[in-house]
>>> print(open('structure33.cif').read())   # mmCIF, C-alpha atoms
data_entry
loop_
_atom_site.label_atom_id
_atom_site.label_comp_id
_atom_site.auth_asym_id
_atom_site.auth_seq_id
_atom_site.Cartn_x
_atom_site.Cartn_y
_atom_site.Cartn_z
CA MET A 216 0.00 0.00 0.00
CA GLU A 217 2.84 2.39 0.86
CA ARG A 218 4.50 1.80 -2.52
CA LYS A 219 1.21 2.39 -4.34
CA LYS A 220 0.85 5.70 -2.53
CA GLY A 221 4.42 6.57 -3.55
CA PHE A 222 3.72 5.75 -7.20
CA ALA A 223 0.55 7.87 -7.09
CA ALA A 224 2.40 10.76 -5.45
CA ALA A 225 5.16 10.77 -8.10
CA PHE A 226 2.60 10.60 -10.90
CA ALA A 227 0.58 13.44 -9.32
CA ALA A 228 3.74 15.55 -9.02
CA GLY A 229 4.44 15.14 -12.74
CA LEU A 230 0.85 16.00 -13.68
CA LEU A 231 0.83 19.14 -11.55
CA TRP A 232 4.22 20.28 -12.82
CA GLY A 233 3.02 19.64 -16.35
CA ALA A 234 -0.16 21.65 -15.78
CA SER A 235 1.72 24.75 -14.61
CA SER A 236 3.44 25.45 -17.93
CA PRO A 237 0.22 25.66 -20.02
CA ILE A 238 -1.20 28.01 -17.37
CA ALA A 239 1.90 30.18 -17.78
CA GLN A 240 1.51 29.99 -21.56
CA TYR A 241 -2.07 31.24 -21.14
CA LEU A 242 -0.81 34.22 -19.12
CA PHE A 243 1.82 35.02 -21.75
CA GLU A 244 -0.41 34.66 -24.81
CA ASP A 245 -3.81 35.86 -23.57
CA LYS A 246 -3.05 38.21 -20.69
CA GLY A 247 0.13 39.95 -21.82
CA ILE A 248 2.09 38.83 -18.76
CA VAL A 249 5.85 38.38 -19.27
CA SER A 250 8.23 35.94 -17.60
CA GLU A 251 10.20 38.81 -16.01
CA TRP A 252 7.04 39.68 -14.06
CA LEU A 253 5.77 36.18 -13.36
CA VAL A 254 8.91 34.37 -12.19
CA PRO A 255 10.15 36.65 -9.36
CA TYR A 256 6.68 36.91 -7.85
CA ARG A 257 6.19 33.17 -8.21
CA LEU A 258 9.50 32.36 -6.52
CA LEU A 259 8.91 34.78 -3.66
CA SER A 260 5.34 33.62 -3.06
CA ALA A 261 6.22 29.94 -3.21
CA GLY A 262 9.30 30.52 -1.04
CA ILE A 263 7.27 32.21 1.69
CA LEU A 264 4.65 29.44 1.70
CA LEU A 265 7.25 26.67 1.70
CA PHE A 266 9.23 28.38 4.48
CA LEU A 267 6.12 28.66 6.65
CA TYR A 268 5.26 25.02 5.96
CA ALA A 269 8.77 23.85 6.86
CA PHE A 270 9.08 26.05 9.95
CA LEU A 271 5.57 25.98 11.43
CA ILE A 272 4.29 22.55 10.41
CA ARG A 273 7.44 20.43 9.97
CA ARG A 274 9.25 22.27 12.80
CA GLN A 275 12.50 22.47 10.83
CA GLU A 276 15.50 24.55 11.89
CA PRO A 277 15.53 27.54 9.50
CA PHE A 278 19.13 28.75 9.85
CA GLY A 279 21.20 25.56 9.81
CA MET A 280 22.75 26.21 6.40
CA TRP A 281 23.82 29.75 7.38
CA LYS A 282 26.35 28.70 10.04
CA ASN A 283 29.10 27.39 7.76
CA LYS A 284 30.80 29.40 5.01
CA GLU A 285 30.84 26.50 2.55
CA ASP A 286 27.14 25.81 3.13
CA VAL A 287 26.33 29.50 2.71
CA LEU A 288 28.14 29.72 -0.63
CA ARG A 289 26.50 26.53 -1.87
CA GLN A 290 23.05 27.72 -0.79
CA ILE A 291 23.50 31.01 -2.65
CA ALA A 292 24.86 29.22 -5.74
CA PHE A 293 21.87 26.87 -5.69
CA ALA A 294 19.48 29.81 -5.30
CA VAL A 295 20.91 31.85 -8.19
CA LEU A 296 22.24 29.28 -10.68
CA GLY A 297 19.85 26.44 -9.89
CA MET A 298 16.50 27.66 -8.60
CA MET A 299 16.34 31.12 -10.17
CA GLY A 300 18.22 30.07 -13.30
CA MET A 301 15.99 27.10 -14.02
CA GLN A 302 12.71 28.88 -13.22
CA TYR A 303 13.49 31.96 -15.29
CA THR A 304 14.89 30.16 -18.35
CA PHE A 305 12.02 27.64 -18.27
CA PHE A 306 9.24 30.23 -18.26
CA ALA A 307 11.10 32.39 -20.76
CA ALA A 308 11.28 29.29 -23.00
CA VAL A 309 7.53 28.72 -22.54
CA GLN A 310 6.95 32.35 -23.55
CA GLU A 311 9.18 32.01 -26.63
CA THR A 312 8.02 28.53 -27.75
CA ASN A 313 5.20 26.69 -25.98
CA ALA A 314 4.61 24.61 -22.85
CA GLY A 315 5.33 21.21 -24.38
CA THR A 316 8.52 22.20 -26.21
CA ALA A 317 9.98 24.05 -23.22
CA THR A 318 9.26 21.12 -20.92
CA VAL A 319 10.85 18.53 -23.19
CA PHE A 320 14.01 20.67 -23.49
CA GLN A 321 14.28 20.39 -19.71
CA TYR A 322 14.68 16.63 -20.05
CA LEU A 323 17.93 17.07 -21.97
CA ASN A 324 19.70 17.46 -18.64
CA PRO A 325 20.67 13.75 -18.22
CA ALA A 326 22.45 13.85 -21.58
CA MET A 327 24.22 17.09 -20.59
CA LEU A 328 25.41 15.55 -17.32
CA ILE A 329 26.73 12.46 -19.13
CA LEU A 330 28.69 14.61 -21.57
CA TYR A 331 29.94 16.83 -18.71
CA PHE A 332 31.37 13.92 -16.74
CA ALA A 333 32.82 12.40 -19.91
CA VAL A 334 34.68 15.60 -20.89
CA ILE A 335 35.61 17.13 -17.52
CA TYR A 336 36.27 14.01 -15.44
CA ARG A 337 37.14 11.69 -18.34
CA VAL A 338 34.51 9.18 -17.22
CA ALA A 339 33.83 6.92 -20.20
CA PRO A 340 30.06 6.69 -20.75
CA LYS A 341 28.44 3.27 -20.66
CA ALA A 342 26.63 1.86 -23.67
CA LYS A 343 23.20 2.79 -22.32
CA GLU A 344 24.44 6.33 -21.61
CA ILE A 345 25.67 6.72 -25.20
CA ILE A 346 22.29 5.52 -26.45
CA ALA A 347 20.53 7.95 -24.11
CA VAL A 348 22.58 10.90 -25.41
CA LEU A 349 21.88 9.93 -29.03
CA CYS A 350 18.14 9.65 -28.29
CA SER A 351 18.11 13.07 -26.58
CA VAL A 352 19.98 14.83 -29.37
CA SER A 353 17.90 13.11 -32.08
CA GLY A 354 14.67 13.98 -30.31
CA ILE A 355 15.52 17.66 -29.92
CA LEU A 356 16.65 17.84 -33.57
CA LEU A 357 13.26 16.50 -34.64
CA VAL A 358 11.46 19.04 -32.45
CA VAL A 359 13.40 22.08 -33.69
CA THR A 360 13.55 21.10 -37.38
CA HIS A 361 10.46 18.90 -37.93
CA GLY A 362 12.84 16.55 -39.73
CA ASN A 363 14.06 19.20 -42.20
CA LEU A 364 17.62 20.21 -41.29
CA ASN A 365 17.42 23.20 -43.65
CA ALA A 366 14.66 24.94 -41.66
CA LEU A 367 13.96 25.62 -38.01
CA SER A 368 10.48 25.20 -36.49
CA VAL A 369 11.69 26.83 -33.26
CA SER A 370 13.31 30.27 -33.23
CA PRO A 371 17.05 30.51 -32.46
CA LYS A 372 16.13 32.34 -29.25
CA GLY A 373 13.78 29.49 -28.31
CA ILE A 374 16.52 26.92 -28.93
CA LEU A 375 19.01 28.91 -26.85
CA LEU A 376 16.51 29.25 -23.99
CA GLY A 377 15.70 25.55 -24.21
CA LEU A 378 19.37 24.60 -23.93
CA LEU A 379 19.74 26.99 -20.99
CA VAL A 380 16.76 25.28 -19.34
CA ALA A 381 18.56 21.94 -19.63
CA LEU A 382 21.81 23.45 -18.33
CA THR A 383 20.24 25.19 -15.33
CA THR A 384 18.26 22.02 -14.56
CA CYS A 385 21.66 20.31 -14.22
CA PHE A 386 22.71 23.03 -11.76
CA TYR A 387 19.41 22.57 -9.92
CA GLY A 388 20.03 18.85 -9.54
CA VAL A 389 23.76 18.83 -8.77
CA ILE A 390 24.59 21.92 -6.68
CA PRO A 391 22.37 21.27 -3.62
CA GLY A 392 23.45 17.63 -3.16
CA PRO A 393 25.69 18.18 -0.09
CA LEU A 394 23.10 20.52 1.45
CA LEU A 395 20.31 17.97 1.12
CA LYS A 396 22.41 15.42 2.99
CA LYS A 397 22.70 17.78 5.97
CA PHE A 398 19.49 19.84 5.98
CA PRO A 399 15.77 19.26 5.21
CA ALA A 400 14.90 19.62 1.52
CA GLU A 401 11.92 21.87 2.26
CA MET A 402 14.05 24.46 4.05
CA VAL A 403 16.88 24.33 1.48
CA CYS A 404 14.42 24.93 -1.37
CA ALA A 405 12.47 27.60 0.55
CA TRP A 406 15.63 29.66 1.06
CA ALA A 407 16.61 29.10 -2.59
CA MET A 408 13.22 30.38 -3.77
CA LEU A 409 13.39 33.42 -1.50
CA ILE A 410 16.96 34.35 -2.48
CA GLY A 411 16.46 33.57 -6.17
CA GLY A 412 13.19 35.50 -6.26
CA ALA A 413 14.75 38.51 -4.52
CA VAL A 414 17.76 38.58 -6.88
CA LEU A 415 15.57 38.28 -9.96
CA ALA A 416 13.16 40.92 -8.66
CA LEU A 417 16.04 43.36 -8.17
CA ALA A 418 17.23 42.61 -11.71
CA THR A 419 13.86 42.84 -13.51
CA ARG A 420 11.93 45.20 -11.18
CA PRO A 421 8.53 43.65 -11.92
CA TRP A 422 6.71 46.32 -9.89
CA ARG A 423 7.59 48.83 -12.61
CA MET A 424 6.07 46.71 -15.38
CA GLU A 425 2.58 47.28 -16.66
CA ALA A 426 0.49 44.20 -15.96
CA GLN A 427 -3.28 44.03 -16.21
CA VAL A 428 -4.03 41.93 -13.14
CA ASP A 429 -7.63 40.73 -13.15
CA LEU A 430 -9.35 37.79 -11.45
CA ALA A 431 -8.22 35.33 -14.15
CA VAL A 432 -4.58 36.40 -13.73
CA VAL A 433 -4.82 36.04 -9.93
CA ILE A 434 -6.34 32.56 -10.19
CA ALA A 435 -3.75 31.46 -12.76
CA PHE A 436 -0.91 32.88 -10.66
CA LEU A 437 -2.09 31.15 -7.48
CA SER A 438 -2.50 27.91 -9.44
CA ILE A 439 1.13 28.13 -10.60
CA VAL A 440 2.36 28.88 -7.07
CA ILE A 441 0.29 26.30 -5.17
CA MET A 442 -0.64 23.56 -7.64
CA GLY A 443 2.44 23.98 -9.80
CA THR A 444 5.06 24.47 -7.10
CA ILE A 445 4.17 23.66 -3.48
CA LEU A 446 1.94 20.59 -3.94
CA PRO A 447 4.09 18.74 -6.53
CA PHE A 448 7.20 19.44 -4.46
CA CYS A 449 5.58 17.83 -1.40
CA PHE A 450 4.24 14.93 -3.49
CA TYR A 451 7.66 14.31 -5.01
CA LEU A 452 9.39 14.28 -1.62
CA ALA A 453 6.80 11.77 -0.37
CA ALA A 454 7.43 9.62 -3.44
CA LEU A 455 11.20 9.69 -2.90
CA LYS A 456 10.74 8.35 0.61
CA SER A 457 8.36 5.58 -0.51
CA VAL A 458 9.67 4.31 -3.84
CA GLY A 459 13.11 5.92 -4.35
CA SER A 460 14.56 8.27 -6.95
CA VAL A 461 14.41 5.99 -10.02
CA TYR A 462 10.69 5.23 -9.87
CA SER A 463 9.91 8.79 -8.75
CA GLY A 464 11.80 10.21 -11.71
CA LEU A 465 10.19 7.86 -14.20
CA LEU A 466 6.64 8.41 -13.00
CA SER A 467 7.01 12.17 -12.73
CA SER A 468 8.24 12.24 -16.34
CA VAL A 469 4.56 12.41 -17.28
CA GLU A 470 5.18 16.19 -16.93
CA PRO A 471 5.91 16.98 -20.63
CA VAL A 472 3.10 14.66 -21.73
CA ALA A 473 0.65 16.52 -19.50
CA ALA A 474 2.00 19.89 -20.64
CA THR A 475 1.66 18.94 -24.31
CA ILE A 476 -1.87 17.53 -24.00
CA LEU A 477 -3.18 20.44 -21.91
CA ALA A 478 -1.61 23.04 -24.23
CA ALA A 479 -3.22 21.34 -27.22
CA MET A 480 -6.63 20.93 -25.54
CA PHE A 481 -7.09 24.32 -23.93
CA LEU A 482 -4.76 26.70 -25.77
CA GLY A 483 -4.99 25.35 -29.30
CA THR A 484 -1.25 24.69 -29.55
CA THR A 485 -0.60 22.38 -32.49
CA PHE A 486 2.02 19.65 -32.54
CA GLN A 487 3.00 17.58 -35.56
CA THR A 488 3.55 13.84 -35.38
CA ILE A 489 7.29 14.43 -35.80
CA ASP A 490 7.21 16.62 -32.65
CA LEU A 491 5.64 13.80 -30.64
CA VAL A 492 8.27 11.37 -31.91
CA GLY A 493 10.95 13.83 -30.77
CA PHE A 494 9.32 14.18 -27.35
CA ALA A 495 9.21 10.38 -27.02
CA LEU A 496 12.90 10.05 -27.93
CA VAL A 497 13.93 12.60 -25.30
CA LEU A 498 11.78 10.99 -22.61
CA SER A 499 13.05 7.52 -23.50
CA THR A 500 16.41 8.52 -22.01
CA LEU A 501 14.92 8.29 -18.52
CA PHE A 502 13.86 4.70 -19.10
CA ILE A 503 17.14 3.77 -20.79
CA LEU A 504 19.22 5.19 -17.93
CA SER A 505 17.06 3.38 -15.34
CA ILE A 506 17.89 -0.06 -16.76
CA HIS A 507 19.81 -2.04 -14.14
CA SER A 508 20.06 1.18 -12.08
CA ARG A 509 20.23 0.97 -8.31
#
>>> encode(input="structure33.cif", output="structure tokens")
Amino acid sequence: MERKKGFAAAFAAGLLWGASSPIAQYLFEDKGIVSEWLVPYRLLSAGILLFLYAFLIRRQEPFGMWKNKEDVLRQIAFAVLGMMGMQYTFFAAVQETNAGTATVFQYLNPAMLILYFAVIYRVAPKAKEIIAVLCSVSGILLVVTHGNLNALSVSPKGILLGLLVALTTCFYGVIPGPLLKKFPAEMVCAWAMLIGGAVLALATRPWRMEAQVDLAVVIAFLSIVIMGTILPFCFYLAALKSVGSVYSGLLSSVEPVAATILAAMFLGTTFQTIDLVGFALVLSTLFILSIHSR
């Protein structure tokens, strides 16, 4: 029963994450909201809620990571390069392309990590890792060219943002590792959201931007913060404890599928068959890498 709950939690996390990007696409396309306005407010709002949850409900120590210089530097690096970097580039990619395409770019990060360790640390990739990299690259090529190498179906800016999404997702996954071994994940991520949101707010100054905030914008914003950030984060942590990282990662990979279907159903975003083949190739890397994985 506990494993079934873990499977359901991981699947729910992926669905909720996937639903947040079409909501953001709706704000960009129909409400004139821009990522420079949305992301800092989202990070700050989610950070405050997660901090209160960790401190008041989970009774977690809020200042543990601020007592050691190395932990402080790592926390700040995670906040700026990982949390803020990933959130901003992801929503900017949604704004430039669409929810499904931006989300599938995010899943290039395993291939990037494999290539990073192969080049920097001279770690020879295994056969399944080589296959995974080839599938990722082939899938993205299909998405951005529709099979015609002489023409791009995604703008150069969209491709650049997509690659930055994958890169910052690597930062998001790698940088906080030592922190998560010493401190609760909720508090580490809450501080990262607060710091990242504050830094981005100072850089973009969203309060100076003209934004027509009506009831629909408020509902969509709260949905992104609560249903697209806080709830899936809690679900994913519960899944990690119940079924481990491999199954949690595989089940939550429903995210781009959900994003693609919802964008097509409610926003009229069109995807060609070749796009779906590309999406499938990129997502297949998760299953390939999980073979015989502990």
>>> closest_residue(input="structure33.cif", among="A:Ala413, A:Gln321, A:Gly247, A:Glu285", to="Ile263 of chain A", atoms="all atoms listed in the file")
A:Ala413
>>> closest_residue(input="structure33.cif", among="A:Trp406, A:Phe486, A:Phe481, A:Phe332", to="Gln240 of chain A", atoms="all atoms listed in the file")
A:Phe481
>>> atom_distance(input="structure33.cif", atom1="atom CA of Leu504 of chain A", atom2="atom CA of Leu323 of chain A")
12.6 Å
>>> resolve_selection(input="structure33.cif", expression="the PyMOL selection byres ((chain A and resi 418-423) around 8)", output="VMD selection string")
chain A and resid 251 to 252 255 414 to 417 424 to 425
>>> residues_around(input="structure33.cif", residues="Tyr303 of chain A", least_positions_apart="4", cutoff="8 Å", atoms="only C-alpha atoms", output="ChimeraX atom specification")
/A:250-251,254,299,307
>>> axis_aligned_box(input="structure33.cif", around="segment 324-340 of chain A", padding_each_side="5 Å", output="AutoDock Vina command-line options")
--center_x 28.4 --center_y 12.1 --center_z -18.5 --size_x 27.4 --size_y 20.8 --size_z 16.1
>>> closest_residue(input="structure33.cif", among="A:Ala239, A:Val334, A:Ile291, A:Leu231", to="Ile410 of chain A", atoms="only C-alpha atoms")
A:Ile291
>>> closest_residue(input="structure33.cif", among="A:Glu217, A:Ser236, A:Leu230, A:Gly279", to="Leu395 of chain A", atoms="all atoms listed in the file")
A:Gly279
>>> residues_around(input="structure33.cif", residues="Gly483 of chain A", least_positions_apart="5", cutoff="12 Å", atoms="all atoms listed in the file", output="list in words")
Pro237, Gln240, Tyr241, Glu244, Asn313, Ala314, Thr475, Ile476, Leu477 and Ala478 of chain A
>>> decode(input="structure33.cif", residues="segment 218-231 of chain A", atoms="all heavy atoms", output="short mmCIF file (atom, residue, chain, number, x, y, z; two decimals), in the first residue's frame")
data_model
loop_
_atom_site.label_atom_id
_atom_site.label_comp_id
_atom_site.auth_asym_id
_atom_site.auth_seq_id
_atom_site.Cartn_x
_atom_site.Cartn_y
_atom_site.Cartn_z
N ARG A 218 3.89 1.61 -1.21
CA ARG A 218 4.50 1.80 -2.52
C ARG A 218 3.49 2.35 -3.52
O ARG A 218 3.83 3.21 -4.35
CB ARG A 218 5.10 0.48 -3.03
CG ARG A 218 6.38 0.09 -2.33
CD ARG A 218 6.90 -1.26 -2.83
NE ARG A 218 7.27 -1.22 -4.21
CZ ARG A 218 8.43 -0.75 -4.68
NH1 ARG A 218 9.32 -0.25 -3.84
NH2 ARG A 218 8.72 -0.77 -5.96
N LYS A 219 2.25 1.88 -3.43
CA LYS A 219 1.21 2.39 -4.34
C LYS A 219 0.98 3.88 -4.10
O LYS A 219 0.80 4.65 -5.05
CB LYS A 219 -0.09 1.62 -4.14
CG LYS A 219 -0.05 0.18 -4.67
CD LYS A 219 -1.38 -0.50 -4.48
CE LYS A 219 -1.34 -1.94 -5.02
NZ LYS A 219 -2.65 -2.63 -4.83
N LYS A 220 1.00 4.28 -2.83
CA LYS A 220 0.85 5.70 -2.53
C LYS A 220 2.04 6.49 -3.08
O LYS A 220 1.87 7.62 -3.58
CB LYS A 220 0.76 5.91 -1.02
CG LYS A 220 -0.55 5.43 -0.40
CD LYS A 220 -0.57 5.70 1.10
CE LYS A 220 -1.88 5.23 1.72
NZ LYS A 220 -1.91 5.47 3.19
N GLY A 221 3.24 5.92 -3.01
CA GLY A 221 4.42 6.57 -3.55
C GLY A 221 4.34 6.73 -5.05
O GLY A 221 4.68 7.80 -5.60
N PHE A 222 3.89 5.67 -5.75
CA PHE A 222 3.72 5.75 -7.20
C PHE A 222 2.71 6.84 -7.56
O PHE A 222 2.93 7.63 -8.48
CB PHE A 222 3.23 4.41 -7.76
CG PHE A 222 4.27 3.32 -7.68
CD1 PHE A 222 3.88 1.99 -7.52
CD2 PHE A 222 5.62 3.60 -7.76
CE1 PHE A 222 4.84 0.97 -7.44
CE2 PHE A 222 6.58 2.60 -7.69
CZ PHE A 222 6.17 1.29 -7.53
N ALA A 223 1.59 6.87 -6.82
CA ALA A 223 0.55 7.87 -7.09
C ALA A 223 1.06 9.27 -6.83
O ALA A 223 0.76 10.21 -7.59
CB ALA A 223 -0.69 7.59 -6.23
N ALA A 224 1.86 9.44 -5.78
CA ALA A 224 2.40 10.76 -5.45
C ALA A 224 3.35 11.26 -6.53
O ALA A 224 3.30 12.43 -6.93
CB ALA A 224 3.11 10.71 -4.09
N ALA A 225 4.22 10.38 -7.04
CA ALA A 225 5.16 10.77 -8.10
C ALA A 225 4.41 11.14 -9.38
O ALA A 225 4.74 12.12 -10.05
CB ALA A 225 6.14 9.63 -8.37
N PHE A 226 3.40 10.34 -9.70
CA PHE A 226 2.60 10.60 -10.90
C PHE A 226 1.86 11.94 -10.77
O PHE A 226 1.81 12.75 -11.71
CB PHE A 226 1.60 9.47 -11.12
CG PHE A 226 0.94 9.48 -12.46
CD1 PHE A 226 1.62 9.06 -13.60
CD2 PHE A 226 -0.37 9.90 -12.60
CE1 PHE A 226 1.01 9.08 -14.84
CE2 PHE A 226 -0.99 9.92 -13.83
CZ PHE A 226 -0.31 9.50 -14.96
N ALA A 227 1.29 12.18 -9.57
CA ALA A 227 0.58 13.44 -9.32
C ALA A 227 1.52 14.63 -9.42
O ALA A 227 1.15 15.69 -9.95
CB ALA A 227 -0.09 13.41 -7.96
N ALA A 228 2.76 14.47 -8.93
CA ALA A 228 3.74 15.55 -9.02
C ALA A 228 4.01 15.91 -10.48
O ALA A 228 4.04 17.09 -10.85
CB ALA A 228 5.04 15.14 -8.33
N GLY A 229 4.20 14.88 -11.32
CA GLY A 229 4.44 15.14 -12.74
C GLY A 229 3.27 15.82 -13.41
O GLY A 229 3.45 16.74 -14.22
N LEU A 230 2.05 15.38 -13.08
CA LEU A 230 0.85 16.00 -13.68
C LEU A 230 0.73 17.47 -13.29
O LEU A 230 0.44 18.33 -14.13
CB LEU A 230 -0.40 15.25 -13.23
CG LEU A 230 -0.65 13.87 -13.85
CD1 LEU A 230 -1.91 13.25 -13.25
CD2 LEU A 230 -0.81 13.98 -15.37
N LEU A 231 0.96 17.76 -12.01
CA LEU A 231 0.83 19.14 -11.55
C LEU A 231 1.93 20.03 -12.12
O LEU A 231 1.67 21.18 -12.52
CB LEU A 231 0.85 19.18 -10.02
CG LEU A 231 -0.38 18.58 -9.33
CD1 LEU A 231 -0.17 18.49 -7.83
CD2 LEU A 231 -1.63 19.41 -9.65
#
